[in-house]
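See structure below.
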Amino acid sequence: MSAGVSLKHRVIMFLLELFVFFACFRECLSSPLDHVKGYMLTDRRADAFVPEITPSASPQPFLPLLAPSPLSPFTNSSVPKLSGLCILNFTAAQSLMSMTSIDCWAAFAPLLANVICCPQLHATLVILVGQSSKDTGVLALNRTLANPCLSDIEKVLEGQGAGENLKQICSIHPSNLTEASCPVKDVDEFESTVNSSELLASCEKIDPVKECCDQVCQGAISEAAIRLALKASDPLNMDVPHVLPEHSTRVNDCKTVVLRWLASKLDPYRAKEVLRGLTNCNVNKVCPLVFPNMRHVANSCWNGINNQTACCDAMDSYVSHLQKQTLITNLQALDCATSLGLKLQKYNITRNVYSQCHISLKDFSLQLEVRYLDASCQACPLMRHLTSSLVLVSFAI
């Protein structure tokens, strides 16, 4: 299958590896204080990177570790002109916004959308609104503020190198900042409706692997969301098991409100870890690939044909098309392989073409080879995204 990957995509993956290297190298060199400074207050003087020499101290050597970020030549870092209407505190969440802009870097946002960019962007929106509720007392923006705030978020991310069409790539709308159809948005009403102490205990720290199996936090979130949703139909009926299927949209909207409340109780970094862990469980449940018509595969591989070369060429071409769509996780690849196998069976192809044509899980997505640069670099958030449950490692079926 490696021969089926075009030269163009080999170049893309080389650039992606280079991007990850610079992103993680930046994390290794940056000081923790860098995440506290507001991007609005960043000093842009021409001599900003010249080492300071005070009259009372001996000159210090110019160390390479004090150099600007290695990623800076590859990003368009600029101070955006914001609307002035949004109440969200972007400066307090600068580290989060910076990580999101890297995860959604313009050159790779479409390729990383399913696995990295969109989950990070959705988590960022939840955290921004959740943190603002500590000042406003509400877990949603009104529709008047939602539009300028979403526009400002886009501008901040674009100013740090993110793609210009993230709303389209990740299906983000102003309603993602409001309560939508959820009947509860006031913090006091929220805490009087749900068992907030149990909710926080279940979700303040999760194991990304165990949570996907045990669903302790997910269960607590679902129960809280159902209780919120039921208030719209009958304030006296709080019997959770009686929620109706037609209320599913409202329940989903209330889940977002629940996540914002959780984000308000955690620091932005911890909130991001929890939200991304929960998202990973959902991401890995479905195959995100779109399967085009496979009649040409059926014509070459159906059971009555013994030309293995023609069959494998057809499979190579088909799977190569799939792998160009987006990066996927191993669990998603397993689901995609199963789905494709079922489709092959519908075309009366029952022999094991995966084995005959040497097709493995890695062939369902462009592969990014990721190695730790150094033990000190393991704190790199982007590296963790690619080496945790979302990492694309090469193993065969």
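Residues are referred to by chain and number: the chain letter is A, B, ... according to the order shown in the structure tokens, the number counts from 1 in that chain, and ligands are numbered separately from 1 in the order shown.
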query: Can you list, as a VMD selection string, every protein, DNA or RNA residue that comes within 9 Å of region 97-113 of chain A when you count only C-alpha atoms, leaving out same-chain residues fewer than 4 positions away?
result: chain A and resid 12 16 23 35 75 90 to 91 93 117 to 121 124 153 156 to 166 169 to 170 324 to 328 381 to 382
Check your understanding: region 246-323 of chain A: which residues are helix (DSSP H, G or I) by DSSP, as a PyMOL selection string?
Key -> chain A and resi 246-265+268-283+295-301+308-323
* Skipping near chain neighbours, those fewer than 4 positions away, what residues fall within 12 Å of Arg143 (chain A) using only C-alpha atoms, listed as a PyMOL selection string? -> chain A and resi 86+147-150+173-180
